[in-house]
Structures are given as C-alpha cells and as structure tokens.
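Visitor: Below is the file input.cif, with mmCIF, N, CA and C atoms.
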data_run
loop_
_atom_site.label_atom_id
_atom_site.label_comp_id
_atom_site.auth_asym_id
_atom_site.auth_seq_id
_atom_site.Cartn_x
_atom_site.Cartn_y
_atom_site.Cartn_z
N MET A 1 -8.25 40.21 -7.08
CA MET A 1 -9.66 39.88 -7.03
C MET A 1 -10.45 41.18 -6.91
N LEU A 2 -11.34 41.40 -7.84
CA LEU A 2 -12.14 42.62 -7.88
C LEU A 2 -13.36 42.48 -6.97
N ILE A 3 -13.59 43.48 -6.14
CA ILE A 3 -14.76 43.52 -5.26
C ILE A 3 -15.62 44.70 -5.68
N VAL A 4 -16.88 44.43 -5.98
CA VAL A 4 -17.81 45.46 -6.42
C VAL A 4 -18.91 45.61 -5.36
N ARG A 5 -19.00 46.80 -4.79
CA ARG A 5 -20.05 47.08 -3.80
C ARG A 5 -21.25 47.68 -4.51
N ASN A 6 -22.44 47.20 -4.15
CA ASN A 6 -23.66 47.69 -4.80
C ASN A 6 -24.87 47.37 -3.94
N LYS A 7 -26.04 47.78 -4.41
CA LYS A 7 -27.28 47.55 -3.65
C LYS A 7 -28.16 46.47 -4.28
N ILE A 8 -27.70 45.85 -5.36
CA ILE A 8 -28.52 44.87 -6.08
C ILE A 8 -28.05 43.43 -5.83
N LEU A 9 -26.77 43.18 -6.03
CA LEU A 9 -26.21 41.84 -5.86
C LEU A 9 -25.29 41.79 -4.65
N PRO A 10 -25.36 40.76 -3.89
CA PRO A 10 -26.28 39.64 -3.99
C PRO A 10 -27.64 40.02 -3.45
N PHE A 11 -28.59 39.11 -3.58
CA PHE A 11 -29.93 39.37 -3.07
C PHE A 11 -29.88 39.49 -1.55
N LYS A 12 -30.85 40.19 -1.00
CA LYS A 12 -30.90 40.37 0.46
C LYS A 12 -30.82 39.03 1.17
N GLY A 13 -30.11 39.02 2.28
CA GLY A 13 -29.92 37.80 3.04
C GLY A 13 -28.57 37.15 2.76
N PHE A 14 -27.91 37.58 1.69
CA PHE A 14 -26.59 37.05 1.37
C PHE A 14 -25.57 38.17 1.50
N ILE A 15 -24.35 37.81 1.83
CA ILE A 15 -23.29 38.79 2.02
C ILE A 15 -22.60 39.12 0.70
N ALA A 16 -22.28 38.05 -0.06
CA ALA A 16 -21.53 38.24 -1.30
C ALA A 16 -21.89 37.16 -2.29
N ILE A 17 -21.59 37.44 -3.55
CA ILE A 17 -21.72 36.45 -4.60
C ILE A 17 -20.52 36.59 -5.52
N ASN A 18 -19.97 35.48 -5.92
CA ASN A 18 -18.78 35.45 -6.77
C ASN A 18 -19.21 35.08 -8.18
N LEU A 19 -19.09 36.02 -9.09
CA LEU A 19 -19.45 35.77 -10.49
C LEU A 19 -18.19 35.87 -11.34
N CYS A 20 -17.71 34.72 -11.76
CA CYS A 20 -16.50 34.64 -12.61
C CYS A 20 -15.30 35.32 -11.98
N GLY A 21 -15.17 35.20 -10.67
CA GLY A 21 -14.02 35.76 -9.98
C GLY A 21 -14.21 37.20 -9.51
N ILE A 22 -15.34 37.80 -9.84
CA ILE A 22 -15.65 39.15 -9.37
C ILE A 22 -16.62 39.00 -8.21
N ILE A 23 -16.26 39.58 -7.06
CA ILE A 23 -17.10 39.44 -5.87
C ILE A 23 -18.00 40.66 -5.76
N PHE A 24 -19.30 40.40 -5.78
CA PHE A 24 -20.29 41.45 -5.59
C PHE A 24 -20.73 41.40 -4.13
N VAL A 25 -20.68 42.56 -3.47
CA VAL A 25 -20.97 42.66 -2.04
C VAL A 25 -22.03 43.74 -1.83
N ARG A 26 -22.97 43.45 -0.95
CA ARG A 26 -23.96 44.47 -0.61
C ARG A 26 -23.23 45.68 -0.03
N ALA A 27 -23.67 46.86 -0.41
CA ALA A 27 -22.99 48.10 -0.06
C ALA A 27 -22.77 48.27 1.44
N GLU A 28 -23.71 47.79 2.23
CA GLU A 28 -23.64 48.01 3.68
C GLU A 28 -22.83 46.94 4.42
N VAL A 29 -22.32 45.95 3.72
CA VAL A 29 -21.65 44.81 4.35
C VAL A 29 -20.14 45.00 4.33
N LYS A 30 -19.50 44.66 5.46
CA LYS A 30 -18.04 44.64 5.52
C LYS A 30 -17.61 43.19 5.45
N LEU A 31 -16.84 42.85 4.43
CA LEU A 31 -16.36 41.47 4.27
C LEU A 31 -15.29 41.16 5.30
N SER A 32 -15.44 40.03 5.97
CA SER A 32 -14.41 39.58 6.89
C SER A 32 -13.35 38.81 6.10
N ALA A 33 -12.24 38.53 6.73
CA ALA A 33 -11.19 37.75 6.07
C ALA A 33 -11.70 36.36 5.71
N SER A 34 -12.52 35.76 6.57
CA SER A 34 -13.04 34.43 6.27
C SER A 34 -14.06 34.48 5.12
N ASP A 35 -14.85 35.55 5.04
CA ASP A 35 -15.77 35.71 3.91
C ASP A 35 -14.99 35.79 2.60
N LEU A 36 -13.91 36.54 2.61
CA LEU A 36 -13.08 36.68 1.42
C LEU A 36 -12.42 35.35 1.05
N ARG A 37 -11.93 34.60 2.04
CA ARG A 37 -11.35 33.28 1.77
C ARG A 37 -12.40 32.34 1.18
N HIS A 38 -13.63 32.40 1.70
CA HIS A 38 -14.74 31.59 1.18
C HIS A 38 -14.90 31.85 -0.32
N GLU A 39 -14.93 33.10 -0.71
CA GLU A 39 -15.10 33.46 -2.12
C GLU A 39 -13.87 33.08 -2.94
N LYS A 40 -12.68 33.16 -2.36
CA LYS A 40 -11.47 32.73 -3.08
C LYS A 40 -11.48 31.23 -3.33
N ILE A 41 -12.03 30.48 -2.41
CA ILE A 41 -12.17 29.03 -2.62
C ILE A 41 -13.09 28.79 -3.81
N HIS A 42 -14.19 29.54 -3.89
CA HIS A 42 -15.09 29.42 -5.04
C HIS A 42 -14.37 29.80 -6.34
N SER A 43 -13.53 30.82 -6.29
CA SER A 43 -12.78 31.20 -7.49
C SER A 43 -11.90 30.05 -7.97
N ARG A 44 -11.28 29.35 -7.04
CA ARG A 44 -10.44 28.22 -7.41
C ARG A 44 -11.29 27.10 -8.01
N GLN A 45 -12.45 26.84 -7.41
CA GLN A 45 -13.36 25.82 -7.94
C GLN A 45 -13.80 26.18 -9.36
N MET A 46 -14.14 27.45 -9.56
CA MET A 46 -14.57 27.91 -10.89
C MET A 46 -13.47 27.70 -11.93
N ALA A 47 -12.26 28.07 -11.58
CA ALA A 47 -11.14 27.93 -12.51
C ALA A 47 -10.91 26.47 -12.88
N GLU A 48 -11.06 25.57 -11.91
CA GLU A 48 -10.87 24.14 -12.17
C GLU A 48 -11.91 23.61 -13.16
N LEU A 49 -13.10 24.16 -13.10
CA LEU A 49 -14.19 23.67 -13.95
C LEU A 49 -14.47 24.55 -15.16
N ALA A 50 -13.65 25.56 -15.38
CA ALA A 50 -13.82 26.45 -16.54
C ALA A 50 -15.13 27.24 -16.50
N TYR A 51 -15.52 27.70 -15.34
CA TYR A 51 -16.61 28.64 -15.09
C TYR A 51 -18.01 28.15 -15.48
N ILE A 52 -18.33 28.00 -16.73
CA ILE A 52 -19.70 27.62 -17.12
C ILE A 52 -20.08 26.26 -16.54
N PRO A 53 -19.23 25.24 -16.63
CA PRO A 53 -19.57 23.97 -15.98
C PRO A 53 -19.75 24.12 -14.45
N PHE A 54 -18.96 25.01 -13.84
CA PHE A 54 -19.11 25.25 -12.40
C PHE A 54 -20.54 25.70 -12.10
N TYR A 55 -21.00 26.72 -12.80
CA TYR A 55 -22.34 27.25 -12.54
C TYR A 55 -23.43 26.24 -12.89
N THR A 56 -23.23 25.46 -13.92
CA THR A 56 -24.21 24.44 -14.30
C THR A 56 -24.31 23.38 -13.20
N ILE A 57 -23.18 22.88 -12.76
CA ILE A 57 -23.17 21.86 -11.70
C ILE A 57 -23.71 22.45 -10.41
N TYR A 58 -23.29 23.67 -10.08
CA TYR A 58 -23.74 24.34 -8.85
C TYR A 58 -25.27 24.41 -8.83
N PHE A 59 -25.85 24.90 -9.92
CA PHE A 59 -27.30 25.06 -9.99
C PHE A 59 -28.02 23.71 -9.91
N MET A 60 -27.53 22.73 -10.68
CA MET A 60 -28.16 21.40 -10.68
C MET A 60 -28.07 20.75 -9.30
N GLU A 61 -26.91 20.90 -8.66
CA GLU A 61 -26.75 20.31 -7.33
C GLU A 61 -27.65 21.02 -6.32
N TRP A 62 -27.78 22.34 -6.45
CA TRP A 62 -28.65 23.08 -5.54
C TRP A 62 -30.10 22.61 -5.67
N ILE A 63 -30.57 22.43 -6.89
CA ILE A 63 -31.93 21.93 -7.10
C ILE A 63 -32.08 20.53 -6.51
N TYR A 64 -31.15 19.65 -6.84
CA TYR A 64 -31.20 18.26 -6.33
C TYR A 64 -31.22 18.25 -4.80
N ARG A 65 -30.31 18.99 -4.19
CA ARG A 65 -30.23 18.98 -2.72
C ARG A 65 -31.43 19.67 -2.08
N SER A 66 -31.97 20.68 -2.72
CA SER A 66 -33.17 21.35 -2.20
C SER A 66 -34.36 20.41 -2.19
N ILE A 67 -34.48 19.60 -3.23
CA ILE A 67 -35.56 18.60 -3.28
C ILE A 67 -35.31 17.54 -2.20
N ARG A 68 -34.07 17.08 -2.13
CA ARG A 68 -33.73 16.03 -1.16
C ARG A 68 -34.00 16.47 0.29
N TYR A 69 -33.59 17.72 0.62
CA TYR A 69 -33.77 18.21 1.98
C TYR A 69 -35.05 19.01 2.17
N GLN A 70 -35.83 19.16 1.09
CA GLN A 70 -37.10 19.89 1.10
C GLN A 70 -36.96 21.31 1.63
N SER A 71 -35.84 21.92 1.26
CA SER A 71 -35.56 23.29 1.69
C SER A 71 -34.49 23.88 0.79
N PHE A 72 -34.75 25.08 0.23
CA PHE A 72 -33.74 25.73 -0.59
C PHE A 72 -32.52 26.11 0.24
N THR A 73 -32.73 26.51 1.49
CA THR A 73 -31.62 26.89 2.36
C THR A 73 -30.75 25.69 2.69
N LYS A 74 -31.37 24.58 3.09
CA LYS A 74 -30.60 23.37 3.38
C LYS A 74 -29.93 22.85 2.11
N GLY A 75 -30.61 22.99 0.99
CA GLY A 75 -30.02 22.60 -0.29
C GLY A 75 -28.76 23.39 -0.58
N TYR A 76 -28.83 24.70 -0.35
CA TYR A 76 -27.67 25.58 -0.57
C TYR A 76 -26.49 25.15 0.30
N TYR A 77 -26.72 24.96 1.59
CA TYR A 77 -25.62 24.62 2.50
C TYR A 77 -25.04 23.23 2.26
N ASN A 78 -25.72 22.41 1.49
CA ASN A 78 -25.23 21.06 1.20
C ASN A 78 -24.66 20.90 -0.20
N ILE A 79 -24.57 21.97 -0.96
CA ILE A 79 -23.89 21.93 -2.25
C ILE A 79 -22.42 21.64 -1.97
N SER A 80 -21.83 20.72 -2.73
CA SER A 80 -20.44 20.32 -2.47
C SER A 80 -19.49 21.52 -2.48
N PHE A 81 -19.69 22.47 -3.38
CA PHE A 81 -18.83 23.65 -3.44
C PHE A 81 -18.95 24.49 -2.17
N GLU A 82 -20.17 24.62 -1.67
CA GLU A 82 -20.39 25.39 -0.43
C GLU A 82 -19.85 24.66 0.79
N ARG A 83 -20.03 23.36 0.82
CA ARG A 83 -19.53 22.59 1.96
C ARG A 83 -18.02 22.76 2.09
N GLU A 84 -17.31 22.65 0.97
CA GLU A 84 -15.86 22.85 1.02
C GLU A 84 -15.52 24.27 1.47
N ALA A 85 -16.17 25.26 0.88
CA ALA A 85 -15.85 26.66 1.19
C ALA A 85 -16.16 27.01 2.64
N TYR A 86 -17.32 26.59 3.15
CA TYR A 86 -17.66 26.89 4.54
C TYR A 86 -16.73 26.16 5.52
N LEU A 87 -16.38 24.93 5.21
CA LEU A 87 -15.53 24.15 6.11
C LEU A 87 -14.13 24.74 6.23
N HIS A 88 -13.62 25.35 5.16
CA HIS A 88 -12.23 25.81 5.15
C HIS A 88 -12.06 27.33 5.12
N GLN A 89 -13.13 28.09 5.24
CA GLN A 89 -13.01 29.54 5.13
C GLN A 89 -12.21 30.18 6.26
N HIS A 90 -12.02 29.48 7.36
CA HIS A 90 -11.26 30.04 8.49
C HIS A 90 -9.80 29.62 8.47
N ASP A 91 -9.44 28.76 7.54
CA ASP A 91 -8.06 28.25 7.43
C ASP A 91 -7.26 29.15 6.49
N ARG A 92 -6.38 29.95 7.04
CA ARG A 92 -5.61 30.91 6.24
C ARG A 92 -4.69 30.25 5.22
N LYS A 93 -4.30 29.02 5.47
CA LYS A 93 -3.35 28.33 4.59
C LYS A 93 -4.03 27.35 3.64
N TYR A 94 -5.33 27.24 3.69
CA TYR A 94 -6.03 26.20 2.93
C TYR A 94 -5.75 26.25 1.43
N LEU A 95 -5.82 27.40 0.83
CA LEU A 95 -5.64 27.48 -0.62
C LEU A 95 -4.20 27.16 -1.04
N ARG A 96 -3.25 27.27 -0.12
CA ARG A 96 -1.86 26.92 -0.44
C ARG A 96 -1.67 25.42 -0.58
N HIS A 97 -2.44 24.65 0.19
CA HIS A 97 -2.26 23.19 0.18
C HIS A 97 -3.49 22.42 -0.32
N ARG A 98 -4.49 23.13 -0.79
CA ARG A 98 -5.73 22.50 -1.27
C ARG A 98 -5.46 21.64 -2.50
N PRO A 99 -5.85 20.35 -2.44
CA PRO A 99 -5.70 19.51 -3.63
C PRO A 99 -6.68 19.95 -4.73
N ARG A 100 -6.26 19.80 -5.96
CA ARG A 100 -7.16 20.11 -7.08
C ARG A 100 -8.40 19.23 -7.00
N TRP A 101 -9.52 19.77 -7.42
CA TRP A 101 -10.80 19.05 -7.48
C TRP A 101 -11.27 18.59 -6.09
N ASN A 102 -10.83 19.26 -5.05
CA ASN A 102 -11.15 18.83 -3.69
C ASN A 102 -12.64 18.88 -3.37
N PHE A 103 -13.39 19.71 -4.07
CA PHE A 103 -14.83 19.79 -3.82
C PHE A 103 -15.51 18.43 -4.03
N LEU A 104 -14.90 17.56 -4.84
CA LEU A 104 -15.48 16.23 -5.09
C LEU A 104 -15.55 15.40 -3.80
N ASN A 105 -14.70 15.70 -2.84
CA ASN A 105 -14.73 14.98 -1.57
C ASN A 105 -15.94 15.34 -0.72
N TYR A 106 -16.69 16.36 -1.12
CA TYR A 106 -17.86 16.81 -0.36
C TYR A 106 -19.16 16.45 -1.04
N TRP A 107 -19.09 15.68 -2.10
CA TRP A 107 -20.29 15.26 -2.82
C TRP A 107 -21.07 14.32 -1.95
#
Spit out the file's structure as structure tokens when you get a sec.
Guide:
Amino acid sequence: MLIVRNKILPFKGFIAINLCGIIFVRAEVKLSASDLRHEKIHSRQMAELAYIPFYTIYFMEWIYRSIRYQSFTKGYYNISFEREAYLHQHDRKYLRHRPRWNFLNYW
C-alpha cells in the first residue's frame, strides 16, 4: 500500500484519504495502526466494487445522509463504508475474517 505525504490532500481536518488504494496523508500527520487499518478496509471495499462504483455510491450516500442528518459531518460518519471502517479499525484481525460485501450490513 503506497502512502503519499503532502500538504494538499486530504483537506484540512482530515488525516488521510484513500484514492484507488493510494493513501494520501497530510505531511504533518503520523498515521496510527488503526488509521492504516481504516484505510485498508476502504481498499477492500473499493476492490469489491471495482473502484468507480465505490466512489459513486460513497458520494451519493454522503449526500443522502447529509440531507437526512442536516449535517455534512454527520452524513460522513453515517456512510455505510465509513461505519464499517470506523467500527473495525481497532481490530487487528478484521480483514482476515471480514465477509465480502460486509459494508452492506451498515446500510
């Protein structure tokens, strides 16, 4: 997994962003093991959905949930992909036993 440190991506307020399996990290941020696991969970989700559908669904769900919760931040934390990743980012063995398409359980 390639990690790219820079001053542009992700936008301020975020630690990292995973774009097609490449993790972009703010230059001043040190990724924790759980942060890295979070992004690895996203990589697995992306691979299951063939990348472009992942981003399409992610964006559409973020808009839907932001409207529903009347907050972009609450919308973000309630995206099914994020719910799965945040819930399991501390489990070192999660990706070994994670069922395929498991993000659907968080819809």
Visitor: Based on DSSP run over this structure's backbone, return all residues of stretch 41-98 of chain A in helix (DSSP H, G or I), as JSON, numbers by chain.
Guide: {"A": [41, 42, 43, 44, 45, 46, 47, 48, 49, 52, 53, 54, 55, 56, 57, 58, 59, 60, 61, 62, 63, 64, 65, 66, 67, 68, 69, 72, 73, 74, 75, 76, 77, 80, 81, 82, 83, 84, 85, 86, 87, 88, 94, 95, 96, 97]}
Visitor: Within 5 Å of A:Tyr106, counting only N, CA and C atoms, which residues qualify if same-chain residues fewer than 2 places away don't, as a ChimeraX atom specification?
Guide: /A:80,103-104
Visitor: Could you check how far atom CA of A:Gly21 sits from atom CA of A:Ile41, in Å to one decimal?
Guide: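 That distance, rounded to one decimal, is 10.1 Å.
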Visitor: So that I can check the secondary structure, give me every residue of chain A assigned strand (DSSP E) by backbone DSSP, as a list in words.
Guide: Ile3, Val4, Arg5, Asn6, Ala16, Ile17, Asn18, Leu19, Ile22, Ile23, Phe24, Val25 and Arg26 of chain A
Visitor: May I have the residues within 8 Å of stretch 57-68 of chain A as number ranges by chain, using only C-alpha atoms and disregarding those fewer than 3 positions away in the same chain?
Guide: A: 53-54, 71-76, 78-81
Visitor: In Å, rounded to a single decimal, give me how far atom CA of A:Lys7 is from atom CA of A:Ala27.
Guide: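 Interatomic distance here is 5.6 Å.
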Visitor: To one decimal place in Å, what is the distance between atom N of A:His90 and atom C of A:Ala47?
Guide: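 One can read the atom N of A:His90 to atom C of A:Ala47 distance as 20.5 Å.
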Visitor: Output the residue selection produced by the PyMOL selection byres (((chain A and resi 3 and name CA) around 9) and name CA) on the file above, formatted as a ChimeraX atom specification.
Guide: /A:1-2,4-5,22-25
Visitor: Run the PyMOL selection byres ((chain A and resi 85) around 7) mentally over the shown coordinates, then write out the matched residues as a CSV table (one decimal) with N, CA and C atoms, keeping the file's coordinate frame, using the chain letters and numbers from the document.
Guide:
chain,number,residue,atom,x,y,z
A,37,ARG,N,-11.9,34.6,2.0
A,37,ARG,CA,-11.4,33.3,1.8
A,37,ARG,C,-12.4,32.3,1.2
A,38,HIS,N,-13.6,32.4,1.7
A,38,HIS,CA,-14.7,31.6,1.2
A,38,HIS,C,-14.9,31.8,-0.3
A,39,GLU,N,-14.9,33.1,-0.7
A,39,GLU,CA,-15.1,33.5,-2.1
A,39,GLU,C,-13.9,33.1,-2.9
A,41,ILE,N,-12.0,30.5,-2.4
A,41,ILE,CA,-12.2,29.0,-2.6
A,41,ILE,C,-13.1,28.8,-3.8
A,42,HIS,N,-14.2,29.5,-3.9
A,42,HIS,CA,-15.1,29.4,-5.0
A,42,HIS,C,-14.4,29.8,-6.3
A,80,SER,N,-21.8,20.7,-2.7
A,80,SER,CA,-20.4,20.3,-2.5
A,80,SER,C,-19.5,21.5,-2.5
A,81,PHE,N,-19.7,22.5,-3.4
A,81,PHE,CA,-18.8,23.6,-3.4
A,81,PHE,C,-19.0,24.5,-2.2
A,82,GLU,N,-20.2,24.6,-1.7
A,82,GLU,CA,-20.4,25.4,-0.4
A,82,GLU,C,-19.8,24.7,0.8
A,83,ARG,N,-20.0,23.4,0.8
A,83,ARG,CA,-19.5,22.6,2.0
A,83,ARG,C,-18.0,22.8,2.1
A,84,GLU,N,-17.3,22.6,1.0
A,84,GLU,CA,-15.9,22.8,1.0
A,84,GLU,C,-15.5,24.3,1.5
A,86,TYR,N,-17.3,26.6,3.2
A,86,TYR,CA,-17.7,26.9,4.5
A,86,TYR,C,-16.7,26.2,5.5
A,87,LEU,N,-16.4,24.9,5.2
A,87,LEU,CA,-15.5,24.2,6.1
A,87,LEU,C,-14.1,24.7,6.2
A,88,HIS,N,-13.6,25.4,5.2
A,88,HIS,CA,-12.2,25.8,5.2
A,88,HIS,C,-12.1,27.3,5.1
A,89,GLN,N,-13.1,28.1,5.2
A,89,GLN,CA,-13.0,29.5,5.1
A,89,GLN,C,-12.2,30.2,6.3
A,90,HIS,N,-12.0,29.5,7.4
A,90,HIS,CA,-11.3,30.0,8.5
A,90,HIS,C,-9.8,29.6,8.5
Visitor: For A:Tyr51, which residue out of A:Cys20, A:Leu36, A:Pro10, A:Lys93 is the nearest one, using only N, CA and C atoms?
Guide: A:Cys20
Visitor: Between A:Gly13, A:Arg100, A:Gln70, A:Arg92, which one has atoms that come closest to A:Ala33, using only C-alpha atoms?
Guide: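 Answer, going by the shortest atom-to-atom distance: A:Arg92.
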Visitor: Grab stretch 21-93 of chain A from that structure and dump C-alpha atoms to a file, as a compact mmCIF listing (two decimals), in the first residue's frame.
Guide:
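For reference, result21.txt as written:
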# COMPACT_ATOMS: atom_id res chain seq x y z
CA GLY A 21 -5.61 2.20 -2.88
CA ILE A 22 -3.11 5.05 -2.57
CA ILE A 23 -3.27 6.74 0.82
CA PHE A 24 -2.66 10.47 0.83
CA VAL A 25 -1.67 11.82 4.25
CA ARG A 26 -1.11 15.36 5.42
CA ALA A 27 2.62 15.92 5.77
CA GLU A 28 2.44 16.74 9.48
CA VAL A 29 0.31 13.72 10.44
CA LYS A 30 1.61 10.42 11.79
CA LEU A 31 -0.70 7.56 10.84
CA SER A 32 -1.56 5.21 13.67
CA ALA A 33 -2.01 1.48 13.13
CA SER A 34 -5.79 1.91 13.45
CA ASP A 35 -5.78 4.75 10.88
CA LEU A 36 -3.93 2.48 8.47
CA ARG A 37 -6.37 -0.40 9.12
CA HIS A 38 -9.27 2.01 8.48
CA GLU A 39 -7.83 2.84 5.05
CA LYS A 40 -7.11 -0.84 4.32
CA ILE A 41 -10.77 -1.61 4.98
CA HIS A 42 -11.66 1.06 2.40
CA SER A 43 -9.22 -0.54 -0.05
CA ARG A 44 -11.04 -3.85 0.34
CA GLN A 45 -14.41 -2.13 -0.17
CA MET A 46 -13.09 -0.41 -3.31
CA ALA A 47 -11.78 -3.67 -4.76
CA GLU A 48 -15.15 -5.36 -4.16
CA LEU A 49 -16.96 -2.62 -6.06
CA ALA A 50 -14.36 -2.06 -8.81
CA TYR A 51 -13.38 1.46 -7.64
CA ILE A 52 -15.61 3.76 -9.74
CA PRO A 53 -18.87 2.30 -8.37
CA PHE A 54 -17.37 2.62 -4.86
CA TYR A 55 -16.80 6.36 -5.28
CA THR A 56 -20.18 6.86 -6.94
CA ILE A 57 -22.04 5.08 -4.13
CA TYR A 58 -19.87 6.77 -1.48
CA PHE A 59 -20.65 10.24 -2.83
CA MET A 60 -24.38 9.56 -3.33
CA GLU A 61 -24.69 8.08 0.15
CA TRP A 62 -22.81 11.02 1.67
CA ILE A 63 -25.22 13.48 0.03
CA TYR A 64 -28.27 11.44 1.07
CA ARG A 65 -27.09 11.07 4.66
CA SER A 66 -26.04 14.74 4.89
CA ILE A 67 -29.55 15.79 3.88
CA ARG A 68 -31.11 13.25 6.25
CA TYR A 69 -28.99 14.35 9.23
CA GLN A 70 -28.79 18.01 8.09
CA SER A 71 -25.03 17.95 8.53
CA PHE A 72 -22.17 17.07 6.18
CA THR A 73 -20.16 15.78 9.15
CA LYS A 74 -22.95 13.54 10.44
CA GLY A 75 -23.58 12.45 6.87
CA TYR A 76 -19.94 11.43 6.51
CA TYR A 77 -19.88 9.39 9.72
CA ASN A 78 -23.06 7.57 8.68
CA ILE A 79 -21.88 6.43 5.25
CA SER A 80 -22.01 2.61 5.29
CA PHE A 81 -18.36 2.37 4.19
CA GLU A 82 -17.25 4.69 7.00
CA ARG A 83 -19.39 2.97 9.61
CA GLU A 84 -17.75 -0.37 8.84
CA ALA A 85 -14.24 1.12 8.76
CA TYR A 86 -14.60 3.10 12.00
CA LEU A 87 -16.21 0.19 13.83
CA HIS A 88 -13.44 -2.26 12.93
CA GLN A 89 -10.31 -0.10 12.63
CA HIS A 90 -9.04 -1.28 16.03
CA ASP A 91 -9.47 -4.99 15.24
CA ARG A 92 -6.11 -6.29 14.00
CA LYS A 93 -7.67 -9.48 12.64
